[in-house]
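S.K.: TSV, C-alpha atoms, saved as entry09.tsv, coming up:
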chain	number	residue	atom	x	y	z
A	197	MET	CA	0.00	0.00	0.00
A	198	ARG	CA	1.54	3.29	-1.04
A	199	ARG	CA	1.67	6.33	1.22
A	200	ASN	CA	1.84	9.97	0.16
A	201	ILE	CA	5.45	11.00	-0.15
A	202	LEU	CA	4.91	13.71	2.47
A	203	SER	CA	1.84	13.65	4.69
A	204	MET	CA	0.64	16.24	7.16
A	205	ALA	CA	1.35	15.17	10.73
A	206	ALA	CA	-0.14	16.87	13.76
A	207	LEU	CA	3.13	16.80	15.66
A	208	ALA	CA	4.53	19.36	18.06
A	209	VAL	CA	7.35	21.43	16.60
A	210	ALA	CA	10.58	20.15	18.11
A	211	ALA	CA	13.16	22.90	18.25
A	212	ALA	CA	16.69	21.77	17.64
A	213	PHE	CA	18.23	24.83	19.28
A	214	THR	CA	17.45	27.54	21.83
A	215	LEU	CA	14.68	29.79	20.48
A	216	THR	CA	16.36	33.14	19.94
A	217	SER	CA	17.00	35.32	16.92
A	218	CYS	CA	20.66	34.36	16.71
A	219	LEU	CA	22.33	31.36	18.23
A	220	SER	CA	25.97	31.07	19.13
A	221	ASP	CA	28.02	27.91	18.84
A	222	GLY	CA	31.63	28.82	19.41
A	223	ASP	CA	32.55	31.20	16.63
A	224	ASP	CA	29.47	30.32	14.57
A	225	THR	CA	26.30	32.39	14.57
A	226	ILE	CA	23.07	30.95	13.21
A	227	VAL	CA	20.78	33.62	11.81
A	228	LEU	CA	17.03	33.08	11.88
A	229	GLU	CA	14.49	34.69	9.58
A	230	ASP	CA	12.22	37.37	11.05
A	231	GLY	CA	9.45	35.72	13.05
A	232	ASN	CA	11.20	32.35	12.95
A	233	THR	CA	10.75	30.63	16.30
A	234	THR	CA	11.74	27.17	15.16
A	235	GLY	CA	15.47	27.36	15.77
A	236	ILE	CA	16.13	26.54	12.10
A	237	PRO	CA	18.57	28.81	10.21
A	238	GLY	CA	17.01	31.24	7.76
A	239	ASP	CA	17.12	30.72	4.02
A	240	ASP	CA	19.03	34.01	3.64
A	241	GLN	CA	21.94	32.36	5.40
A	242	ALA	CA	21.89	29.34	3.09
A	243	GLY	CA	24.20	29.21	0.10
A	244	PRO	CA	23.53	27.23	-3.08
A	245	ASN	CA	24.42	23.57	-3.17
A	246	PRO	CA	28.08	23.19	-4.15
A	247	THR	CA	28.97	21.63	-7.48
A	248	ILE	CA	30.56	18.18	-7.23
A	249	ASP	CA	31.86	15.54	-9.58
A	250	ASN	CA	33.07	11.95	-9.21
A	251	GLN	CA	30.79	10.95	-6.34
A	252	THR	CA	32.61	8.97	-3.65
A	253	THR	CA	29.63	7.76	-1.61
A	254	THR	CA	25.89	7.21	-1.89
A	255	ILE	CA	22.87	9.09	-0.52
A	256	PRO	CA	20.05	6.66	0.32
A	257	ASN	CA	16.35	7.15	-0.34
A	258	ILE	CA	14.66	9.49	2.11
A	259	THR	CA	11.40	9.76	4.03
A	260	THR	CA	9.77	13.17	4.41
A	261	THR	CA	7.04	14.39	6.75
A	262	LEU	CA	5.64	17.69	8.05
A	263	GLU	CA	5.82	18.98	11.58
A	264	GLY	CA	3.39	21.72	12.51
A	265	ASP	CA	1.04	23.21	9.93
A	266	GLY	CA	0.30	26.31	7.90
A	267	SER	CA	2.82	29.15	8.24
A	268	THR	CA	4.75	27.28	10.96
A	269	ALA	CA	5.16	24.07	8.95
A	270	ILE	CA	8.57	22.42	9.09
A	271	ALA	CA	9.72	19.89	6.50
A	272	ARG	CA	11.51	16.93	8.06
A	273	ILE	CA	13.76	14.60	6.08
A	274	ASP	CA	14.72	11.27	7.65
A	275	MET	CA	17.75	9.66	6.03
A	276	THR	CA	19.83	6.64	6.97
A	277	GLY	CA	23.57	7.02	7.39
A	278	VAL	CA	26.09	7.98	4.72
A	279	GLN	CA	29.55	6.43	4.71
A	280	GLU	CA	32.59	8.60	4.27
A	281	GLY	CA	34.10	8.47	0.83
A	282	GLY	CA	36.79	5.82	0.50
A	283	GLY	CA	36.23	4.45	4.00
A	284	TYR	CA	33.85	2.70	6.35
A	285	ASP	CA	33.25	5.43	8.93
A	286	TRP	CA	29.85	7.10	9.10
A	287	LEU	CA	29.57	10.74	8.23
A	288	ARG	CA	28.39	13.26	10.81
A	289	LEU	CA	26.29	15.82	8.94
A	290	VAL	CA	26.67	19.54	9.68
A	291	GLY	CA	24.03	22.00	8.53
A	292	THR	CA	23.67	25.70	7.72
A	293	GLY	CA	25.66	28.26	9.72
A	294	GLN	CA	27.86	25.71	11.42
A	295	GLY	CA	31.60	25.39	11.01
A	296	GLY	CA	32.42	22.52	8.70
A	297	GLN	CA	29.05	22.47	6.94
A	298	ASN	CA	28.94	19.39	4.71
A	299	VAL	CA	25.30	19.05	3.61
A	300	TRP	CA	23.10	21.41	1.60
A	301	VAL	CA	19.44	21.27	0.50
A	302	GLU	CA	17.67	23.07	-2.32
A	303	VAL	CA	13.97	22.95	-3.22
A	304	ASP	CA	13.23	23.86	-6.83
A	305	GLY	CA	16.69	25.43	-6.97
A	306	LYS	CA	16.13	27.59	-3.85
A	307	PRO	CA	18.71	27.07	-1.07
A	308	LYS	CA	17.18	26.19	2.30
A	309	GLY	CA	18.56	26.87	5.74
A	310	ILE	CA	18.77	23.47	7.43
A	311	ALA	CA	19.20	22.16	10.97
A	312	VAL	CA	20.56	18.63	11.31
A	313	VAL	CA	20.20	16.10	14.10
A	314	ASN	CA	22.70	13.24	14.01
A	315	ASN	CA	21.01	10.35	15.76
A	316	ALA	CA	24.37	8.92	16.80
A	317	ASP	CA	24.62	12.04	19.03
A	318	ASN	CA	21.02	11.81	20.24
A	319	GLU	CA	20.52	11.91	23.99
A	320	GLY	CA	16.75	11.58	23.90
A	321	SER	CA	15.94	15.22	23.13
A	322	GLN	CA	14.77	14.53	19.59
A	323	THR	CA	12.20	12.17	18.10
A	324	MET	CA	14.00	9.13	16.72
A	325	PRO	CA	13.16	8.01	13.20
A	326	LYS	CA	10.91	4.98	12.73
A	327	ILE	CA	12.30	2.05	10.75
A	328	ASP	CA	10.27	-0.74	9.12
A	329	LEU	CA	12.66	-3.48	7.98
A	330	VAL	CA	11.61	-6.29	5.63
A	331	PHE	CA	13.71	-9.39	4.93
A	332	CYS	CA	13.18	-10.85	1.45
A	333	VAL	CA	14.63	-14.37	1.38
A	334	ASP	CA	15.22	-16.61	-1.62
A	335	ASN	CA	14.21	-20.08	-0.37
A	336	SER	CA	15.03	-22.04	-3.52
A	337	GLY	CA	17.03	-25.26	-3.32
A	338	SER	CA	20.33	-23.58	-4.13
A	339	MET	CA	20.00	-21.61	-0.89
A	340	SER	CA	20.06	-24.78	1.26
A	341	GLU	CA	23.64	-24.10	2.36
A	342	GLU	CA	22.77	-20.59	3.51
A	343	ALA	CA	19.23	-21.01	4.85
A	344	ASP	CA	19.87	-21.98	8.47
A	345	ALA	CA	22.71	-19.48	8.87
A	346	ILE	CA	20.59	-16.69	7.37
A	347	ALA	CA	17.69	-17.44	9.71
A	348	ARG	CA	20.00	-17.58	12.73
A	349	ASP	CA	21.61	-14.28	11.83
A	350	ILE	CA	18.30	-12.60	11.04
A	351	VAL	CA	16.99	-13.53	14.50
A	352	ASN	CA	20.16	-12.40	16.28
A	353	TRP	CA	20.32	-9.19	14.28
A	354	ALA	CA	16.64	-8.37	14.80
A	355	ASN	CA	17.03	-8.81	18.56
A	356	LEU	CA	20.14	-6.62	18.54
A	357	LEU	CA	18.35	-3.87	16.64
A	358	GLN	CA	15.21	-4.09	18.77
A	359	ASN	CA	17.26	-3.79	21.95
A	360	SER	CA	19.02	-0.69	20.66
A	361	SER	CA	17.55	2.80	20.68
A	362	LEU	CA	15.90	2.26	17.28
A	363	ASP	CA	12.12	2.38	16.87
A	364	ILE	CA	12.03	-0.66	14.60
A	365	ARG	CA	9.69	-3.41	13.35
A	366	PHE	CA	10.28	-6.40	11.09
A	367	GLY	CA	8.55	-8.23	8.26
A	368	CYS	CA	9.61	-11.17	6.10
A	369	VAL	CA	8.83	-12.45	2.60
A	370	GLY	CA	10.00	-15.78	1.16
A	371	TYR	CA	10.22	-16.40	-2.59
A	372	SER	CA	10.76	-19.69	-4.38
A	373	MET	CA	12.60	-21.25	-7.32
A	374	TRP	CA	9.26	-21.33	-9.15
A	375	GLY	CA	9.05	-17.55	-9.16
A	376	GLU	CA	6.31	-17.40	-6.54
A	377	ILE	CA	5.85	-15.70	-3.17
A	378	SER	CA	5.93	-18.74	-0.92
A	379	GLY	CA	5.64	-17.22	2.55
A	380	ALA	CA	5.32	-14.02	4.56
A	381	ILE	CA	4.70	-12.47	7.93
A	382	ASN	CA	3.57	-8.85	8.31
A	383	MET	CA	5.35	-6.18	10.34
A	384	THR	CA	5.98	-7.41	13.87
A	385	ASP	CA	8.57	-7.56	16.66
A	386	ALA	CA	11.78	-9.58	16.84
A	387	ASN	CA	10.31	-12.33	19.04
A	388	THR	CA	7.41	-13.05	16.67
A	389	LEU	CA	9.76	-12.99	13.69
A	390	SER	CA	11.97	-15.52	15.50
A	391	ASP	CA	9.00	-17.81	16.13
A	392	TYR	CA	8.11	-17.66	12.43
A	393	LEU	CA	11.62	-18.49	11.21
A	394	ASN	CA	12.16	-21.26	13.77
A	395	ARG	CA	9.01	-23.28	13.00
A	396	THR	CA	11.15	-25.57	10.85
A	397	THR	CA	14.62	-25.78	9.30
A	398	GLY	CA	16.44	-25.07	6.05
A	399	THR	CA	14.77	-23.35	3.16
A	400	SER	CA	11.34	-24.20	4.62
A	401	ARG	CA	11.80	-21.49	7.25
A	402	THR	CA	10.31	-18.82	4.95
A	403	VAL	CA	7.67	-21.08	3.39
A	404	GLY	CA	4.13	-20.49	4.66
A	405	PHE	CA	2.16	-17.47	5.82
A	406	ALA	CA	1.74	-16.44	9.46
A	407	GLY	CA	0.04	-13.83	11.59
A	408	ALA	CA	-3.51	-12.59	11.98
A	409	ASP	CA	-3.66	-11.67	8.28
A	410	ALA	CA	-2.03	-14.88	6.98
A	411	ASP	CA	-4.99	-15.71	4.71
A	412	GLU	CA	-4.92	-12.25	3.13
A	413	LEU	CA	-1.17	-12.42	2.60
A	414	GLU	CA	-1.46	-15.82	0.95
A	415	ALA	CA	-4.31	-14.70	-1.31
A	416	ALA	CA	-2.28	-11.67	-2.41
A	417	ALA	CA	0.69	-13.94	-3.17
A	418	ASN	CA	-1.43	-16.36	-5.19
A	419	SER	CA	-2.81	-13.51	-7.27
A	420	LEU	CA	0.67	-12.67	-8.59
A	421	GLY	CA	1.27	-15.92	-10.42
A	422	SER	CA	4.75	-17.18	-11.27
A	423	THR	CA	7.81	-15.82	-13.06
A	424	GLY	CA	9.26	-19.32	-13.46
A	425	ASP	CA	12.42	-18.59	-11.45
A	426	GLU	CA	13.55	-16.64	-8.37
A	427	CYS	CA	12.52	-13.00	-8.42
A	428	GLY	CA	13.56	-10.71	-5.59
A	429	GLY	CA	11.98	-7.78	-7.41
A	430	GLN	CA	8.61	-9.52	-7.13
A	431	ALA	CA	9.15	-10.07	-3.38
A	432	ILE	CA	9.95	-6.40	-2.81
A	433	ALA	CA	6.91	-5.29	-4.83
A	434	TYR	CA	4.74	-7.74	-2.87
A	435	ALA	CA	6.00	-6.32	0.43
A	436	ASN	CA	5.41	-2.76	-0.77
A	437	ASP	CA	1.79	-3.61	-1.58
A	438	ASN	CA	0.91	-5.76	1.43
A	439	MET	CA	3.02	-4.89	4.47
A	440	ASP	CA	1.56	-2.52	7.07
A	441	PHE	CA	4.23	0.15	6.95
A	442	ARG	CA	3.92	3.00	9.41
A	443	THR	CA	3.40	6.51	8.09
A	444	GLY	CA	6.72	8.35	8.11
A	445	ALA	CA	8.82	5.23	8.71
A	446	ASN	CA	12.03	4.66	6.81
A	447	ARG	CA	11.40	1.51	4.79
A	448	ILE	CA	14.41	-0.76	4.48
A	449	TYR	CA	14.60	-4.06	2.60
A	450	VAL	CA	17.35	-6.67	2.81
A	451	ASN	CA	17.25	-9.15	-0.09
A	452	PHE	CA	19.09	-12.49	0.36
A	453	THR	CA	19.72	-14.48	-2.82
A	454	ASP	CA	22.30	-16.42	-4.81
A	455	GLU	CA	20.56	-16.16	-8.16
A	456	PRO	CA	19.84	-13.51	-10.78
A	457	ASN	CA	16.55	-11.63	-10.67
A	458	TYR	CA	14.14	-13.32	-13.09
A	459	PRO	CA	11.16	-10.98	-13.76
A	460	ASP	CA	9.84	-12.91	-16.78
A	461	ARG	CA	9.56	-9.58	-18.64
A	462	ASN	CA	7.24	-8.10	-16.01
A	463	ASP	CA	8.45	-4.50	-15.84
A	464	ARG	CA	7.36	-3.95	-12.23
A	465	TRP	CA	9.51	-6.85	-11.00
A	466	SER	CA	12.57	-5.89	-13.02
A	467	THR	CA	15.61	-4.32	-11.39
A	468	GLU	CA	15.20	-1.43	-13.84
A	469	PHE	CA	11.81	-0.53	-12.37
A	470	PHE	CA	13.59	0.81	-9.29
A	471	LYS	CA	15.75	3.18	-11.32
A	472	SER	CA	13.00	5.77	-11.79
A	473	GLN	CA	11.30	7.71	-9.00
A	474	THR	CA	8.19	7.70	-11.14
A	475	ASN	CA	8.05	3.97	-10.41
A	476	TRP	CA	9.70	3.75	-6.99
A	477	SER	CA	9.55	6.94	-4.96
A	478	ALA	CA	12.12	7.87	-2.34
A	479	ALA	CA	9.58	7.16	0.41
A	480	GLN	CA	9.09	3.56	-0.73
A	481	GLY	CA	12.42	2.56	0.69
A	482	THR	CA	16.02	1.55	0.26
A	483	VAL	CA	16.99	-1.98	-0.75
A	484	HIS	CA	20.16	-3.68	0.52
A	485	THR	CA	21.40	-6.89	-1.11
A	486	VAL	CA	23.21	-9.90	0.38
A	487	PHE	CA	24.37	-11.99	-2.58
A	488	SER	CA	25.99	-15.41	-2.22
A	489	GLY	CA	26.23	-16.42	-5.88
A	490	SER	CA	28.66	-15.69	-8.70
A	491	LYS	CA	29.43	-12.00	-9.13
A	492	SER	CA	30.15	-12.60	-12.81
A	493	ILE	CA	26.50	-13.11	-13.82
A	494	SER	CA	25.41	-11.04	-16.80
A	495	HIS	CA	22.65	-8.44	-16.79
A	496	ASN	CA	19.92	-9.16	-19.34
A	497	VAL	CA	17.07	-6.75	-18.66
A	498	GLY	CA	13.71	-8.43	-18.34
A	499	THR	CA	15.01	-11.98	-18.25
A	500	SER	CA	18.10	-12.57	-16.08
A	501	GLU	CA	19.30	-9.54	-14.13
A	502	GLN	CA	21.97	-8.65	-11.60
A	503	PRO	CA	19.90	-8.35	-8.40
A	504	TRP	CA	22.22	-5.89	-6.66
A	505	ARG	CA	21.25	-3.20	-9.16
A	506	ILE	CA	18.12	-2.55	-7.08
A	507	SER	CA	20.42	-1.49	-4.25
A	508	GLU	CA	22.43	0.75	-6.53
A	509	TYR	CA	19.26	2.48	-7.74
A	510	THR	CA	17.75	3.03	-4.26
A	511	GLY	CA	20.94	4.06	-2.44
A	512	GLY	CA	21.41	0.76	-0.62
A	513	THR	CA	24.49	-1.37	-0.01
A	514	VAL	CA	25.66	-4.72	-1.41
A	515	LEU	CA	27.38	-7.50	0.53
A	516	TYR	CA	28.89	-10.48	-1.30
A	517	ALA	CA	28.83	-13.63	0.83
A	518	ASP	CA	30.23	-17.15	0.54
A	519	ALA	CA	27.85	-19.91	-0.51
A	520	ASP	CA	27.66	-21.30	3.04
A	521	PHE	CA	27.25	-17.80	4.51
A	522	SER	CA	30.18	-18.51	6.85
A	523	ASN	CA	31.89	-15.17	6.27
A	524	VAL	CA	28.85	-13.03	7.17
A	525	THR	CA	27.20	-11.80	10.31
A	526	LEU	CA	24.31	-9.45	9.69
A	527	ALA	CA	25.36	-7.24	12.58
A	528	SER	CA	28.34	-6.25	10.41
A	529	LEU	CA	26.18	-5.33	7.42
A	530	PRO	CA	26.62	-1.72	6.33
A	531	VAL	CA	22.87	-1.23	6.79
A	532	THR	CA	23.33	-1.68	10.57
A	533	GLY	CA	25.57	1.36	10.74
A	534	ALA	CA	23.30	3.18	8.29
A	535	MET	CA	20.35	2.82	10.68
A	536	GLN	CA	22.31	3.63	13.82
A	537	ASN	CA	23.90	6.71	12.23
A	538	SER	CA	20.77	8.17	10.65
A	539	TYR	CA	19.88	11.85	10.36
A	540	ILE	CA	16.97	14.25	10.72
A	541	ILE	CA	17.21	17.32	8.48
A	542	ARG	CA	14.70	20.15	9.03
A	543	PHE	CA	13.92	23.30	7.08
A	544	THR	CA	11.08	25.82	7.17
A	545	ASN	CA	9.65	28.67	5.07
A	546	ILE	CA	7.85	26.13	2.88
A	547	GLY	CA	4.45	27.79	2.39
A	548	GLU	CA	4.98	28.20	-1.37
A	549	PHE	CA	5.54	24.44	-1.70
A	550	LEU	CA	2.34	23.40	0.06
A	551	ASP	CA	0.41	23.18	-3.20
A	552	GLY	CA	-0.02	19.44	-3.59
A	553	GLN	CA	2.46	19.35	-6.49
A	554	PRO	CA	5.80	17.55	-6.70
A	555	HIS	CA	8.88	19.67	-6.05
A	556	LEU	CA	12.50	18.87	-6.78
A	557	VAL	CA	14.59	18.45	-3.63
A	558	LYS	CA	18.34	18.26	-4.15
A	559	ILE	CA	20.65	17.06	-1.38
A	560	THR	CA	24.40	17.60	-1.80
A	561	ILE	CA	27.11	16.31	0.52
A	562	LEU	CA	30.66	17.66	0.32
A	563	SER	CA	33.11	17.24	3.19
A	564	PRO	CA	35.53	20.11	3.92
A	565	ASP	CA	38.46	17.92	2.83
A	566	GLY	CA	36.70	17.15	-0.47
A	567	LYS	CA	36.96	13.38	-0.03
A	568	THR	CA	33.26	12.68	0.60
A	569	LYS	CA	31.04	13.80	-2.27
A	570	ALA	CA	27.50	12.79	-3.16
A	571	GLU	CA	24.32	14.24	-4.63
A	572	ARG	CA	20.78	13.02	-5.27
A	573	THR	CA	17.53	14.63	-6.31
A	574	PHE	CA	14.12	13.54	-5.09
A	575	TYR	CA	10.59	14.49	-6.08
A	576	VAL	CA	8.62	15.45	-2.98
A	577	THR	CA	4.97	16.46	-2.66
A	578	PHE	CA	4.71	18.56	0.48
A	579	GLY	CA	0.93	18.36	0.78
A	580	THR	CA	-1.46	21.28	1.00
A	581	VAL	CA	-2.43	23.82	3.65
Kindly transcribe the structure held in the file into structure tokens.
M.R.:
Amino acid sequence: MRRNILSMAALAVAAAFTLTSCLSDGDDTIVLEDGNTTGIPGDDQAGPNPTIDNQTTTIPNITTTLEGDGSTAIARIDMTGVQEGGGYDWLRLVGTGQGGQNVWVEVDGKPKGIAVVNNADNEGSQTMPKIDLVFCVDNSGSMSEEADAIARDIVNWANLLQNSSLDIRFGCVGYSMWGEISGAINMTDANTLSDYLNRTTGTSRTVGFAGADADELEAAANSLGSTGDECGGQAIAYANDNMDFRTGANRIYVNFTDEPNYPDRNDRWSTEFFKSQTNWSAAQGTVHTVFSGSKSISHNVGTSEQPWRISEYTGGTVLYADADFSNVTLASLPVTGAMQNSYIIRFTNIGEFLDGQPHLVKITILSPDGKTKAERTFYVTFGTV
């Protein structure tokens, strides 16, 4: 079920700074627009996004919501972590008016003053982002070596994430060698997910439907028919349509497979479907891939595709694993750090964009040393007043 890219939320405005007309932070002074009581720097202090080339890292898909309403509306962007260029450390984002600014935002080419909360620094004063995480698991026969290890690591990882400061829920979709959705459980907690995966062993762990809406999930799966071979793209599309995602939650998928993506010429299940925001909006989530097959597989669009391309198109990560999954623990997946080092970016003065039409939001990251560079554009509908 699709949500509006940016829905109105009757939330209290959470100020990121002391509410004064200018805020000091060492030698930095943040200037607010006249009448601005939000603590967010004014647009007149914001410079244009810098020009970059040769991107060295990736910006993931974003989730956007509104805080407040009318003239006091604040746009909130939730974004999972960005790795530093050429390394494995997670970037700390610095917004407008701060020394070492490394992130900029424009809407329809207009620079916005932004305040950034780095959730790795969070001490409980800010609302944490919500995360809805779906595991899509290839349960074909060739996955028999990996199946038990994947289930074990999913359970351990889910418990680790649930016991952290993250506001997180989990879902699971199994897909078969016949190109069918063979099992699923809707969004739930780590304990219920564990019970589902531990009903049996091997590739059967993600076969069968569970939960209060098991019959509805199975009927939806049966209505899709078969692609003839494994299709992670079909599993992701099925989750998008049938999982009970929370409004405003960052949607994250982790796809486990050792085979190409076989969409049987169904465009919506092809890796290339995820390349366009017209098809797959930023709010529909980021896909991460764990691939335990041959990295030398060819990419034949519509028939036999490289599955990790979905991650490349949505700003996710790719992990190549051994066939027996012995060299992988999910806790070490880049997506773990991405969730734990997520960001909240806020900007205001958005009345002109509250017209129900899509607007082009450009996010640029450039570290002061020039080593970390990235840029992505997103189409965002801010709603109406």
S.K.: Work out how far apart atom CA of A:Glu412 and atom CA of A:Ala431 are and give it in Å to one decimal.
M.R.: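 Here the two named atoms are 15.7 Å from each other.
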S.K.: Env of A:Asp249: 12 Å cut, atoms = only C-alpha atoms, seq-sep filter 6 positions within chain, self excluded. Answer as a PyMOL selection string.
M.R.: chain A and resi 560-562+566-571
S.K.: Could you please determine the separation between atom CA of A:Ala354 and atom CA of A:Thr443 in Å, to one decimal place?
M.R.: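 Here the two named atoms are 21.0 Å from each other.
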S.K.: Restricting the calculation to only C-alpha atoms, which member of A:Leu262, A:Thr580, A:Ala527, A:Ile377 is positioned closest to A:Asn355?
M.R.: A:Ala527
S.K.: Which residue, A:Ala311, A:Ile258, A:Met535, A:Ile236, has the smallest gap to A:Ser477 when you use only C-alpha atoms?
M.R.: A:Ile258
S.K.: Between atom CA of A:Asp334 and atom CA of A:Pro456, measure the distance and give it in Å to one decimal.
M.R.: 10.7 Å
S.K.: Return the single residue from A:Pro325, A:Thr261, A:Thr532, A:Arg447 that is closest to A:Gly579, with distances computed using all atoms listed in the file.
M.R.: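 Comparing A:Pro325, A:Thr261, A:Thr532, A:Arg447 against A:Gly579, the winner is A:Thr261.
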S.K.: Tell me which of A:Ser500, A:Ser422, A:Asn457, A:Ser336 sits closest to A:Thr402, counting only C-alpha atoms.
M.R.: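 Of all the options, A:Ser336 lies closest to A:Thr402.
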S.K.: Any chance you could work out the axis-aligned box around stretch 479-498 of chain A, listed atoms only, 4 Å on each side, giving centre and edge lengths in Å to one decimal, as JSON?
M.R.:
{"center_x": 19.6, "center_y": -4.6, "center_z": -9.3, "size_x": 29.1, "size_y": 31.6, "size_z": 28.0}
S.K.: From (20.7, -7.8, -17.8), in the file's coordinates, out to 12 Å: which residues are reached, counting all atoms listed in the file? Answer as a ChimeraX atom specification.
M.R.: /A:456-459,461,466-468,492-505
S.K.: Quick one: of A:Ala415, A:Val531, A:Ile255, A:Ala242, who's nearest to A:Arg572, counting all atoms listed in the file?
M.R.: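 Of A:Ala415, A:Val531, A:Ile255, A:Ala242, the one nearest A:Arg572 is A:Ile255, counting all atoms listed in the file.
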S.K.: Tell me, as a short mmCIF file (atom, residue, chain, number, x, y, z; two decimals) with C-alpha atoms, in the frame of the given file, which residues lie within 8 Å of A:Gly309, counting only C-alpha atoms; anything in the same chain fewer than 4 positions away does not count.
M.R.:
data_model
loop_
_atom_site.label_atom_id
_atom_site.label_comp_id
_atom_site.auth_asym_id
_atom_site.auth_seq_id
_atom_site.Cartn_x
_atom_site.Cartn_y
_atom_site.Cartn_z
CA ILE A 236 16.13 26.54 12.10
CA PRO A 237 18.57 28.81 10.21
CA GLY A 238 17.01 31.24 7.76
CA ASP A 239 17.12 30.72 4.02
CA ASP A 240 19.03 34.01 3.64
CA GLN A 241 21.94 32.36 5.40
CA ALA A 242 21.89 29.34 3.09
CA GLY A 291 24.03 22.00 8.53
CA THR A 292 23.67 25.70 7.72
CA VAL A 301 19.44 21.27 0.50
CA PHE A 543 13.92 23.30 7.08
CA THR A 544 11.08 25.82 7.17
#
S.K.: Do you know which residues are at most 12 Å from A:Asp565 counting all atoms listed in the file, after dropping those on the same chain fewer than 4 positions away, and could you put them as an MDAnalysis selection string?
M.R.: chainID A and resid 280:281 296:298 561 569
S.K.: Smallest atom-to-atom distance to A:Arg272: which of A:Ile540, A:Trp476, A:Asn245, A:Pro554, using all atoms listed in the file?
M.R.: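 Once distances to A:Arg272 are computed over all atoms listed in the file, the minimum belongs to A:Ile540.
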S.K.: Which protein, DNA or RNA residues are at most 8 Å from (16.8, -17.3, 15.7) in the file's coordinates when you count all atoms listed in the file, listed as a list in words?
M.R.: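 Here is the list of nearby residues: Ala347, Arg348, Asp349, Ile350, Val351, Asn352, Ser390, Asp391, Leu393 and Asn394 of chain A.
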S.K.: Give me the stretch 471-499 of chain A side of the contact with stretch 423-428 of chain A, cut-off 12 Å, one line per residue showing its nearest atom pair and distance in Å at one decimal, counting all atoms listed in the file, sorted by chain and residue number, as a Markdown table.
M.R.:
| residue | atom | partner | partner_atom | distance |
| --- | --- | --- | --- | --- |
| A:Val483 | CA | A:Gly428 | CA | 10.6 |
| A:His484 | CA | A:Gly428 | CA | 11.4 |
| A:Thr485 | CA | A:Gly428 | CA | 9.8 |
| A:Val486 | CA | A:Gly428 | CA | 11.4 |
| A:Phe487 | CA | A:Gly428 | CA | 11.3 |
| A:Gly498 | CA | A:Thr423 | CA | 10.8 |
| A:Thr499 | CA | A:Thr423 | CA | 9.7 |
